[in-house]
>>> print(open('target01.cif').read())   # mmCIF, C-alpha atoms
data_data
#
loop_
_atom_site.label_atom_id
_atom_site.label_comp_id
_atom_site.auth_asym_id
_atom_site.auth_seq_id
_atom_site.Cartn_x
_atom_site.Cartn_y
_atom_site.Cartn_z
CA MET A 157 -36.47 3.13 48.11
CA SER A 158 -33.48 5.41 47.80
CA ARG A 159 -30.88 5.03 45.09
CA ASP A 160 -27.32 6.24 45.37
CA VAL A 161 -26.44 8.75 42.70
CA ASP A 162 -22.87 9.45 41.67
CA THR A 163 -22.55 13.20 41.92
CA THR A 164 -18.81 13.29 41.33
CA TYR A 165 -17.95 16.27 39.16
CA ARG A 166 -15.33 15.81 36.50
CA SER A 167 -13.73 18.92 35.15
CA PRO A 168 -13.72 19.22 31.34
CA HIS A 169 -10.06 20.18 31.59
CA ALA A 170 -9.28 16.97 33.50
CA THR A 171 -11.13 14.92 30.90
CA ALA A 172 -9.28 16.63 28.06
CA HIS A 173 -5.97 16.07 29.86
CA ALA A 174 -6.75 12.37 30.30
CA LEU A 175 -7.64 12.04 26.63
CA ARG A 176 -4.39 13.72 25.61
CA LEU A 177 -2.40 11.36 27.82
CA ASN A 178 -4.24 8.40 26.33
CA LEU A 179 -3.47 9.65 22.81
CA LEU A 180 0.19 10.13 23.73
CA ALA A 181 0.34 6.58 25.09
CA VAL A 182 -1.12 5.23 21.84
CA TYR A 183 1.42 7.15 19.76
CA LEU A 184 4.28 5.92 21.95
CA PHE A 185 3.05 2.34 21.64
CA LEU A 186 2.86 2.63 17.84
CA TYR A 187 5.91 4.69 17.00
CA ALA A 188 8.46 4.19 19.79
CA PRO A 189 9.72 0.89 18.26
CA ILE A 190 10.07 2.60 14.87
CA LEU A 191 11.97 5.49 16.43
CA LEU A 192 14.34 3.06 18.18
CA LEU A 193 14.88 1.22 14.90
CA VAL A 194 15.88 4.47 13.18
CA VAL A 195 18.19 5.48 16.03
CA PHE A 196 19.98 2.13 16.18
CA SER A 197 20.50 2.11 12.41
CA PHE A 198 23.22 4.68 13.19
CA ASN A 199 24.67 2.65 16.08
CA ALA A 200 28.35 1.72 15.76
CA SER A 201 27.74 -1.53 17.65
CA ARG A 202 26.44 -4.69 15.98
CA VAL A 203 24.43 -5.35 19.14
CA SER A 204 21.25 -3.29 18.95
CA ALA A 205 20.82 -3.13 22.71
CA VAL A 206 24.15 -1.33 23.28
CA TRP A 207 24.91 2.16 21.96
CA ARG A 208 28.55 2.53 20.86
CA GLY A 209 28.38 5.82 19.00
CA PHE A 210 27.19 7.31 15.72
CA THR A 211 28.14 5.73 12.38
CA LEU A 212 26.98 5.48 8.76
CA GLU A 213 28.81 2.18 8.25
CA TRP A 214 25.67 0.09 7.91
CA TYR A 215 24.25 2.34 5.18
CA GLY A 216 27.57 2.00 3.36
CA LYS A 217 27.31 -1.79 3.57
CA LEU A 218 23.81 -1.62 2.11
CA LEU A 219 25.11 0.37 -0.85
CA ARG A 220 27.74 -2.32 -1.50
CA ASP A 221 25.32 -5.26 -1.20
CA ARG A 222 24.74 -6.26 -4.83
CA ASP A 223 22.19 -8.97 -4.01
CA LEU A 224 20.14 -6.47 -2.03
CA TRP A 225 20.13 -3.97 -4.89
CA ASN A 226 19.11 -6.68 -7.36
CA ALA A 227 16.21 -7.56 -5.07
CA CYS A 228 15.33 -3.88 -4.77
CA TRP A 229 15.35 -3.50 -8.56
CA ASN A 230 13.10 -6.55 -8.94
CA SER A 231 10.68 -5.08 -6.41
CA LEU A 232 10.55 -1.78 -8.29
CA VAL A 233 9.96 -3.57 -11.60
CA VAL A 234 7.19 -5.71 -10.13
CA ALA A 235 5.55 -2.83 -8.26
CA GLY A 236 5.78 -0.47 -11.24
CA ALA A 237 4.34 -2.94 -13.75
CA ALA A 238 1.63 -4.15 -11.37
CA THR A 239 0.67 -0.57 -10.49
CA VAL A 240 0.29 0.52 -14.12
CA VAL A 241 -1.81 -2.50 -15.10
CA ALA A 242 -3.90 -2.59 -11.91
CA THR A 243 -4.55 1.17 -12.02
CA THR A 244 -5.70 1.00 -15.64
CA ILE A 245 -8.01 -1.97 -15.11
CA GLY A 246 -9.24 -0.75 -11.72
CA THR A 247 -10.07 2.73 -13.01
CA LEU A 248 -12.04 1.34 -15.95
CA ALA A 249 -13.84 -1.09 -13.63
CA ALA A 250 -14.76 1.75 -11.25
CA LEU A 251 -16.11 3.82 -14.14
CA ALA A 252 -18.23 0.90 -15.33
CA LEU A 253 -19.60 0.18 -11.85
CA GLU A 254 -20.49 3.81 -11.09
CA ARG A 255 -21.69 4.94 -14.51
CA TYR A 256 -23.71 1.97 -15.74
CA ARG A 257 -26.27 -0.49 -14.44
CA PHE A 258 -25.90 -4.03 -15.79
CA PRO A 259 -26.74 -7.61 -14.75
CA GLY A 260 -24.25 -8.97 -12.23
CA ARG A 261 -23.10 -5.54 -11.06
CA THR A 262 -23.81 -6.32 -7.39
CA THR A 263 -22.06 -9.68 -7.65
CA PHE A 264 -19.01 -8.09 -9.23
CA THR A 265 -18.83 -5.50 -6.44
CA SER A 266 -19.11 -8.23 -3.81
CA VAL A 267 -16.24 -10.13 -5.43
CA LEU A 268 -14.11 -6.97 -5.18
CA TYR A 269 -14.73 -6.74 -1.45
CA LEU A 270 -14.08 -10.47 -1.05
CA THR A 271 -10.63 -10.04 -2.58
CA VAL A 272 -9.85 -7.26 -0.11
CA ILE A 273 -10.96 -9.06 3.06
CA ALA A 274 -9.79 -12.59 2.15
CA PRO A 275 -6.54 -13.74 3.82
CA GLU A 276 -3.49 -13.38 1.59
CA ILE A 277 -2.55 -17.02 2.09
CA ILE A 278 -5.74 -18.11 0.29
CA MET A 279 -4.95 -16.02 -2.79
CA ALA A 280 -1.31 -17.11 -2.68
CA ILE A 281 -2.14 -20.82 -2.69
CA SER A 282 -4.85 -20.43 -5.34
CA LEU A 283 -2.48 -18.54 -7.64
CA LEU A 284 0.24 -21.14 -7.12
CA LEU A 285 -2.19 -23.93 -8.03
CA PHE A 286 -3.34 -21.94 -11.07
CA TYR A 287 0.22 -21.47 -12.31
CA ALA A 288 0.92 -25.17 -11.81
CA ARG A 289 -2.25 -26.03 -13.71
CA ILE A 290 -1.30 -23.98 -16.77
CA GLN A 291 2.38 -24.96 -16.36
CA LEU A 292 3.63 -21.38 -16.12
CA GLU A 293 7.18 -21.16 -14.81
CA LEU A 294 7.47 -19.13 -11.62
CA GLY A 295 9.41 -15.88 -11.85
CA LEU A 296 8.96 -12.12 -12.06
CA LEU A 297 6.08 -12.50 -14.53
CA THR A 298 4.07 -14.67 -12.15
CA ILE A 299 4.72 -12.20 -9.32
CA ILE A 300 3.49 -9.30 -11.47
CA ILE A 301 0.32 -11.20 -12.45
CA ALA A 302 -0.34 -12.03 -8.79
CA HIS A 303 0.16 -8.43 -7.67
CA VAL A 304 -2.13 -7.15 -10.42
CA ALA A 305 -4.78 -9.63 -9.27
CA PHE A 306 -4.94 -8.40 -5.67
CA ASN A 307 -4.34 -4.72 -6.44
CA ILE A 308 -7.22 -4.31 -8.89
CA SER A 309 -9.77 -4.44 -6.07
CA PHE A 310 -8.00 -1.77 -4.01
CA VAL A 311 -7.67 0.59 -6.97
CA THR A 312 -11.29 0.07 -7.99
CA LEU A 313 -12.61 0.85 -4.51
CA VAL A 314 -10.46 3.98 -4.16
CA VAL A 315 -11.49 5.34 -7.58
CA GLN A 316 -15.13 4.44 -6.89
CA ALA A 317 -15.06 6.60 -3.77
CA ARG A 318 -13.90 9.52 -5.92
CA LEU A 319 -16.54 8.87 -8.59
CA ARG A 320 -19.43 8.97 -6.10
CA ASP A 321 -19.09 12.77 -5.98
CA PHE A 322 -18.58 13.11 -9.73
CA ASP A 323 -21.12 15.17 -11.70
CA TRP A 324 -21.84 13.14 -14.83
CA ARG A 325 -23.61 16.12 -16.38
CA LEU A 326 -20.16 17.50 -17.18
CA THR A 327 -19.43 14.62 -19.53
CA GLU A 328 -22.88 14.92 -21.09
CA ALA A 329 -22.30 18.63 -21.68
CA ALA A 330 -18.93 17.93 -23.29
CA MET A 331 -20.44 15.39 -25.67
CA ASP A 332 -23.31 17.75 -26.48
CA LEU A 333 -20.66 20.27 -27.56
CA GLY A 334 -19.21 17.77 -30.01
CA ALA A 335 -16.50 16.02 -27.99
CA THR A 336 -15.87 12.36 -28.74
CA PRO A 337 -16.13 9.78 -25.92
CA ALA A 338 -12.33 9.44 -25.86
CA SER A 339 -11.82 13.20 -25.79
CA THR A 340 -14.41 13.55 -23.03
CA PHE A 341 -12.66 10.94 -20.92
CA PHE A 342 -9.14 12.34 -21.27
CA ARG A 343 -10.05 16.05 -21.11
CA VAL A 344 -12.98 16.06 -18.65
CA THR A 345 -13.40 12.84 -16.66
CA LEU A 346 -9.78 11.85 -16.04
CA PRO A 347 -8.55 15.28 -14.83
CA LEU A 348 -11.43 15.49 -12.34
CA ILE A 349 -10.95 11.99 -10.92
CA PHE A 350 -7.14 12.07 -11.16
CA PRO A 351 -6.59 12.49 -7.38
CA GLY A 352 -8.53 9.27 -6.82
CA VAL A 353 -6.62 7.49 -9.57
CA LEU A 354 -3.31 8.69 -8.14
CA GLY A 355 -4.36 7.62 -4.65
CA GLY A 356 -5.25 4.16 -5.93
CA ALA A 357 -1.94 3.93 -7.80
CA LEU A 358 0.07 4.92 -4.72
CA LEU A 359 -1.82 2.37 -2.62
CA ALA A 360 -1.21 -0.34 -5.23
CA PHE A 361 2.49 0.52 -5.43
CA THR A 362 2.85 0.43 -1.64
CA LEU A 363 1.02 -2.89 -1.27
CA SER A 364 3.00 -4.42 -4.11
CA ILE A 365 6.46 -3.38 -2.98
CA ASP A 366 5.66 -4.46 0.60
CA ASP A 367 3.98 -7.81 -0.14
CA PHE A 368 5.62 -10.95 1.19
CA VAL A 369 3.09 -13.79 1.44
CA ILE A 370 1.82 -13.81 -2.15
CA THR A 371 5.30 -13.07 -3.49
CA PHE A 372 6.78 -15.95 -1.48
CA PHE A 373 4.40 -18.44 -3.10
CA THR A 374 4.63 -17.11 -6.66
CA ALA A 375 8.29 -16.09 -6.98
CA GLY A 376 10.06 -19.36 -7.59
CA PRO A 377 13.72 -20.05 -6.81
CA ARG A 378 15.25 -17.55 -9.26
CA ALA A 379 13.24 -14.39 -8.50
CA THR A 380 13.96 -12.43 -5.33
CA THR A 381 12.22 -9.24 -4.27
CA LEU A 382 13.10 -6.93 -1.40
CA PRO A 383 10.72 -8.50 1.17
CA LEU A 384 12.08 -11.96 0.34
CA ARG A 385 15.65 -10.70 0.68
CA VAL A 386 14.88 -9.08 4.03
CA TYR A 387 13.27 -12.32 5.21
CA SER A 388 16.38 -14.29 4.30
CA MET A 389 18.53 -11.77 6.20
CA VAL A 390 16.33 -11.75 9.32
CA LYS A 391 16.52 -15.55 9.60
CA PHE A 392 20.09 -15.11 10.84
CA GLY A 393 19.15 -12.39 13.34
CA VAL A 394 18.34 -8.69 13.31
CA THR A 395 21.52 -6.86 12.30
CA PRO A 396 22.26 -3.13 11.99
CA GLU A 397 21.98 -3.54 8.21
CA ILE A 398 18.34 -4.56 8.72
CA ASN A 399 17.77 -1.44 10.81
CA ALA A 400 19.32 0.73 8.10
CA LEU A 401 17.27 -0.92 5.37
CA SER A 402 14.08 -0.56 7.42
CA THR A 403 14.86 3.14 7.90
CA LEU A 404 15.18 3.62 4.13
CA LEU A 405 11.88 1.79 3.58
CA LEU A 406 10.26 4.01 6.22
CA LEU A 407 11.54 7.07 4.37
CA ASN A 408 10.02 5.70 1.17
CA SER A 409 6.67 5.24 2.93
CA ILE A 410 6.76 8.82 4.24
CA VAL A 411 7.36 10.12 0.72
CA LEU A 412 4.40 8.12 -0.61
CA VAL A 413 2.15 9.44 2.18
CA LEU A 414 3.17 13.03 1.41
CA LEU A 415 2.42 12.47 -2.28
CA SER A 416 -0.98 11.05 -1.38
CA LEU A 417 -1.79 14.04 0.85
CA LYS A 418 -0.72 16.42 -1.89
CA ALA A 419 -2.98 14.61 -4.34
CA GLN A 420 -5.91 14.92 -1.94
CA ARG A 421 -5.31 18.66 -1.56
CA TYR A 422 -5.12 18.96 -5.33
CA GLY A 423 -8.46 17.21 -5.59
CA LYS A 424 -10.08 19.71 -3.25
#
>>> encode(input="target01.cif", output="C-alpha cells")
Amino acid sequence: MSRDVDTTYRSPHATAHALRLNLLAVYLFLYAPILLLVVFSFNASRVSAVWRGFTLEWYGKLLRDRDLWNACWNSLVVAGAATVVATTIGTLAALALERYRFPGRTTFTSVLYLTVIAPEIIMAISLLLFYARIQLELGLLTIIIAHVAFNISFVTLVVQARLRDFDWRLTEAAMDLGATPASTFFRVTLPLIFPGVLGGALLAFTLSIDDFVITFFTAGPRATTLPLRVYSMVKFGVTPEINALSTLLLLNSIVLVLLSLKAQRYGK
C-alpha cells in the first residue's frame, strides 16, 4: 500500500522571512494603537479621527488641570508609600523563604502565588469588607494598605528569583570574620541582591500607580488617584487631553523599563 509523501522543499530563507513577517504583524497589532494615541495627542482637532495640524494645546490644558494634578500627587504618594513598605516586607519574606526551612513554608509560598493569580476583584471586595468590619474610614490610608497587600507577593517572588543564585557561603564567611548579622546583611547580602530588590520595587511602583480595580473599591468618595480621574474623564468620551495624558504615562513606563534594564545589567 503506497503512501503519499509531501516532498515539498521549503527554503530556510523563506521560513525566516515568514517568521519575520509574523513578528512584524504581532508588533503592529500591539503597538500601532499606542503609536496612533501618541500622534493624535498632538492633533489640533478635538476629533481624534481627523488630523488638523500639530499643537501642544492639550498638554497645556493638562498642566492647568488642578484636579488632575491632585490625583497625580495622590497616586505618587500611594505608590511611593506602598512600594517602600511592600519592598521591605517582601525582601525580608524572600530571605526567610530561601534561607530557612520552617513548618508552613510551602503553605506560605502557595499563598503568595494565590495572591498573584487571584482576580483583583476578589481582593478588592475582601479588603472592602475587612475595612467595613473594623470600621476604618476609606481614604488614602486604605488605598495604601490595599496596595501593600497585593504588592508584597510580587516583590517576594522577584527577590526570591534573585536569591536562588545567591551564595550563602559569603554571609557565613563575613560572620566568621567577626561581622554582626546586621552588618552582614547591609554590607554583603543587600548589595548582592540589590538588582532583584530594585526590580521588585519598580514592579510594585508600576502596579500601584496603574491599579484601578482595587483602588476603586478602597478609595472612598474623598480620595482620587490618577486611574480614577482618568476613568471619570473617559466616561464623557475620549478627548485629546486623554491622549496627552496617556502619552505622558507611556513615557513614565518607558523610564521605569529602562531603569529596570539598567538594574539587571548592574546585577550581571
>>> closest_atom_pairs(input="target01.cif", of="stretch 350-383 of chain A", to="stretch 275-287 of chain A", cutoff="8 Å", atoms="all atoms listed in the file", output="Markdown table")
| residue | atom | partner | partner_atom | distance |
| --- | --- | --- | --- | --- |
| A:Val369 | CA | A:Ile277 | CA | 6.5 |
| A:Ile370 | CA | A:Ala280 | CA | 4.6 |
| A:Thr371 | CA | A:Ala280 | CA | 7.8 |
| A:Phe373 | CA | A:Ala280 | CA | 5.9 |
| A:Thr374 | CA | A:Leu284 | CA | 6.0 |
>>> atom_distance(input="target01.cif", atom1="atom CA of A:Leu313", atom2="atom CA of A:Leu417")
17.9 Å
>>> resolve_selection(input="target01.cif", expression="the PyMOL selection byres ((chain A and resi 254) around 10)", output="list in words")
Ala249, Ala250, Leu251, Ala252, Leu253, Arg255, Tyr256, Arg257, Arg261, Val315, Gln316, Ala317, Leu319, Arg320 and Phe322 of chain A
>>> residues_around(input="target01.cif", residues="stretch 291-299 of chain A", least_positions_apart="4", cutoff="12 Å", atoms="only C-alpha atoms", output="PyMOL selection string")
chain A and resi 227+229-238+280+283-287+303-306+364-365+367-381
>>> write_last_selection(input="target01.cif", atoms="C-alpha atoms", output="CSV table (one decimal), keeping the file's coordinate frame")
chain,number,residue,atom,x,y,z
A,227,ALA,CA,16.2,-7.6,-5.1
A,229,TRP,CA,15.4,-3.5,-8.6
A,230,ASN,CA,13.1,-6.6,-8.9
A,231,SER,CA,10.7,-5.1,-6.4
A,232,LEU,CA,10.6,-1.8,-8.3
A,233,VAL,CA,10.0,-3.6,-11.6
A,234,VAL,CA,7.2,-5.7,-10.1
A,235,ALA,CA,5.6,-2.8,-8.3
A,236,GLY,CA,5.8,-0.5,-11.2
A,237,ALA,CA,4.3,-2.9,-13.8
A,238,ALA,CA,1.6,-4.2,-11.4
A,280,ALA,CA,-1.3,-17.1,-2.7
A,283,LEU,CA,-2.5,-18.5,-7.6
A,284,LEU,CA,0.2,-21.1,-7.1
A,285,LEU,CA,-2.2,-23.9,-8.0
A,286,PHE,CA,-3.3,-21.9,-11.1
A,287,TYR,CA,0.2,-21.5,-12.3
A,303,HIS,CA,0.2,-8.4,-7.7
A,304,VAL,CA,-2.1,-7.2,-10.4
A,305,ALA,CA,-4.8,-9.6,-9.3
A,306,PHE,CA,-4.9,-8.4,-5.7
A,364,SER,CA,3.0,-4.4,-4.1
A,365,ILE,CA,6.5,-3.4,-3.0
A,367,ASP,CA,4.0,-7.8,-0.1
A,368,PHE,CA,5.6,-11.0,1.2
A,369,VAL,CA,3.1,-13.8,1.4
A,370,ILE,CA,1.8,-13.8,-2.2
A,371,THR,CA,5.3,-13.1,-3.5
A,372,PHE,CA,6.8,-16.0,-1.5
A,373,PHE,CA,4.4,-18.4,-3.1
A,374,THR,CA,4.6,-17.1,-6.7
A,375,ALA,CA,8.3,-16.1,-7.0
A,376,GLY,CA,10.1,-19.4,-7.6
A,377,PRO,CA,13.7,-20.0,-6.8
A,378,ARG,CA,15.2,-17.6,-9.3
A,379,ALA,CA,13.2,-14.4,-8.5
A,380,THR,CA,14.0,-12.4,-5.3
A,381,THR,CA,12.2,-9.2,-4.3
>>> atom_distance(input="target01.cif", atom1="atom CA of A:Asn199", atom2="atom CA of A:Thr362")
28.2 Å
>>> atom_distance(input="target01.cif", atom1="atom CA of A:Gly355", atom2="atom CA of A:Val314")
7.1 Å
>>> closest_residue(input="target01.cif", among="A:Val344, A:Leu384, A:Ala288, A:Leu358", to="A:Leu412", atoms="all atoms listed in the file")
A:Leu358
>>> closest_residue(input="target01.cif", among="A:Thr345, A:Asn226, A:Thr211, A:Thr262", to="A:Thr247", atoms="only C-alpha atoms")
A:Thr345
>>> axis_aligned_box(input="target01.cif", around="stretch 361-372 of chain A", padding_each_side="4 Å", output="lines of an AutoDock Vina configuration file")
center_x = 3.9
center_y = -7.7
center_z = -2.0
size_x = 13.8
size_y = 24.5
size_z = 14.9
>>> resolve_selection(input="target01.cif", expression="the PyMOL selection byres ((chain A and resi 359) around 10)", output="ChimeraX atom specification")
/A:239,243,307,310-311,314,353-358,360-364,412-413,416
>>> resolve_selection(input="target01.cif", expression="the PyMOL selection byres ((chain A and resi 194) around 8)", output="list of chain:residue names")
A:Ile190, A:Leu191, A:Leu192, A:Leu193, A:Val195, A:Phe196, A:Ser197, A:Phe198, A:Asn399, A:Ala400, A:Ser402, A:Thr403
>>> write_last_selection(input="target01.cif", atoms="C-alpha atoms", output="PDB file, in the frame of the given file")
ATOM      1  CA  ILE A 190      10.070   2.600  14.870  1.00  0.00           C
ATOM      2  CA  LEU A 191      11.970   5.490  16.430  1.00  0.00           C
ATOM      3  CA  LEU A 192      14.340   3.060  18.180  1.00  0.00           C
ATOM      4  CA  LEU A 193      14.880   1.220  14.900  1.00  0.00           C
ATOM      5  CA  VAL A 195      18.190   5.480  16.030  1.00  0.00           C
ATOM      6  CA  PHE A 196      19.980   2.130  16.180  1.00  0.00           C
ATOM      7  CA  SER A 197      20.500   2.110  12.410  1.00  0.00           C
ATOM      8  CA  PHE A 198      23.220   4.680  13.190  1.00  0.00           C
ATOM      9  CA  ASN A 399      17.770  -1.440  10.810  1.00  0.00           C
ATOM     10  CA  ALA A 400      19.320   0.730   8.100  1.00  0.00           C
ATOM     11  CA  SER A 402      14.080  -0.560   7.420  1.00  0.00           C
ATOM     12  CA  THR A 403      14.860   3.140   7.900  1.00  0.00           C
TER      13      THR A 403
END
>>> closest_residue(input="target01.cif", among="A:Leu212, A:Leu186, A:Ala330, A:Leu177", to="A:Pro396", atoms="only C-alpha atoms")
A:Leu212
>>> build_atoms(input="target01.cif", residues="stretch 293-304 of chain A", atoms="N, CA and C atoms", output="PDB file, keeping the file's coordinate frame")
ATOM      1  N   GLU A 293       5.993 -21.161 -15.652  1.00  0.00           N
ATOM      2  CA  GLU A 293       7.180 -21.160 -14.810  1.00  0.00           C
ATOM      3  C   GLU A 293       7.171 -19.948 -13.878  1.00  0.00           C
ATOM      4  N   LEU A 294       7.476 -20.202 -12.610  1.00  0.00           N
ATOM      5  CA  LEU A 294       7.470 -19.130 -11.620  1.00  0.00           C
ATOM      6  C   LEU A 294       8.649 -18.194 -11.829  1.00  0.00           C
ATOM      7  N   GLY A 295       8.386 -16.894 -11.668  1.00  0.00           N
ATOM      8  CA  GLY A 295       9.410 -15.880 -11.850  1.00  0.00           C
ATOM      9  C   GLY A 295       8.809 -14.497 -11.661  1.00  0.00           C
ATOM     10  N   LEU A 296       9.462 -13.483 -12.203  1.00  0.00           N
ATOM     11  CA  LEU A 296       8.960 -12.120 -12.060  1.00  0.00           C
ATOM     12  C   LEU A 296       7.591 -11.950 -12.708  1.00  0.00           C
ATOM     13  N   LEU A 297       7.364 -12.625 -13.849  1.00  0.00           N
ATOM     14  CA  LEU A 297       6.080 -12.500 -14.530  1.00  0.00           C
ATOM     15  C   LEU A 297       4.941 -12.998 -13.656  1.00  0.00           C
ATOM     16  N   THR A 298       5.130 -14.136 -13.016  1.00  0.00           N
ATOM     17  CA  THR A 298       4.070 -14.670 -12.150  1.00  0.00           C
ATOM     18  C   THR A 298       3.834 -13.773 -10.934  1.00  0.00           C
ATOM     19  N   ILE A 299       4.893 -13.143 -10.436  1.00  0.00           N
ATOM     20  CA  ILE A 299       4.720 -12.200  -9.320  1.00  0.00           C
ATOM     21  C   ILE A 299       3.896 -10.999  -9.773  1.00  0.00           C
ATOM     22  N   ILE A 300       4.213 -10.467 -10.960  1.00  0.00           N
ATOM     23  CA  ILE A 300       3.490  -9.300 -11.470  1.00  0.00           C
ATOM     24  C   ILE A 300       2.010  -9.630 -11.655  1.00  0.00           C
ATOM     25  N   ILE A 301       1.720 -10.794 -12.253  1.00  0.00           N
ATOM     26  CA  ILE A 301       0.320 -11.200 -12.450  1.00  0.00           C
ATOM     27  C   ILE A 301      -0.399 -11.303 -11.106  1.00  0.00           C
ATOM     28  N   ALA A 302       0.264 -11.888 -10.118  1.00  0.00           N
ATOM     29  CA  ALA A 302      -0.340 -12.030  -8.790  1.00  0.00           C
ATOM     30  C   ALA A 302      -0.606 -10.678  -8.152  1.00  0.00           C
ATOM     31  N   HIS A 303       0.336  -9.757  -8.274  1.00  0.00           N
ATOM     32  CA  HIS A 303       0.160  -8.430  -7.670  1.00  0.00           C
ATOM     33  C   HIS A 303      -0.933  -7.636  -8.383  1.00  0.00           C
ATOM     34  N   VAL A 304      -1.030  -7.799  -9.690  1.00  0.00           N
ATOM     35  CA  VAL A 304      -2.130  -7.150 -10.420  1.00  0.00           C
ATOM     36  C   VAL A 304      -3.467  -7.688  -9.908  1.00  0.00           C
TER      37      VAL A 304
END
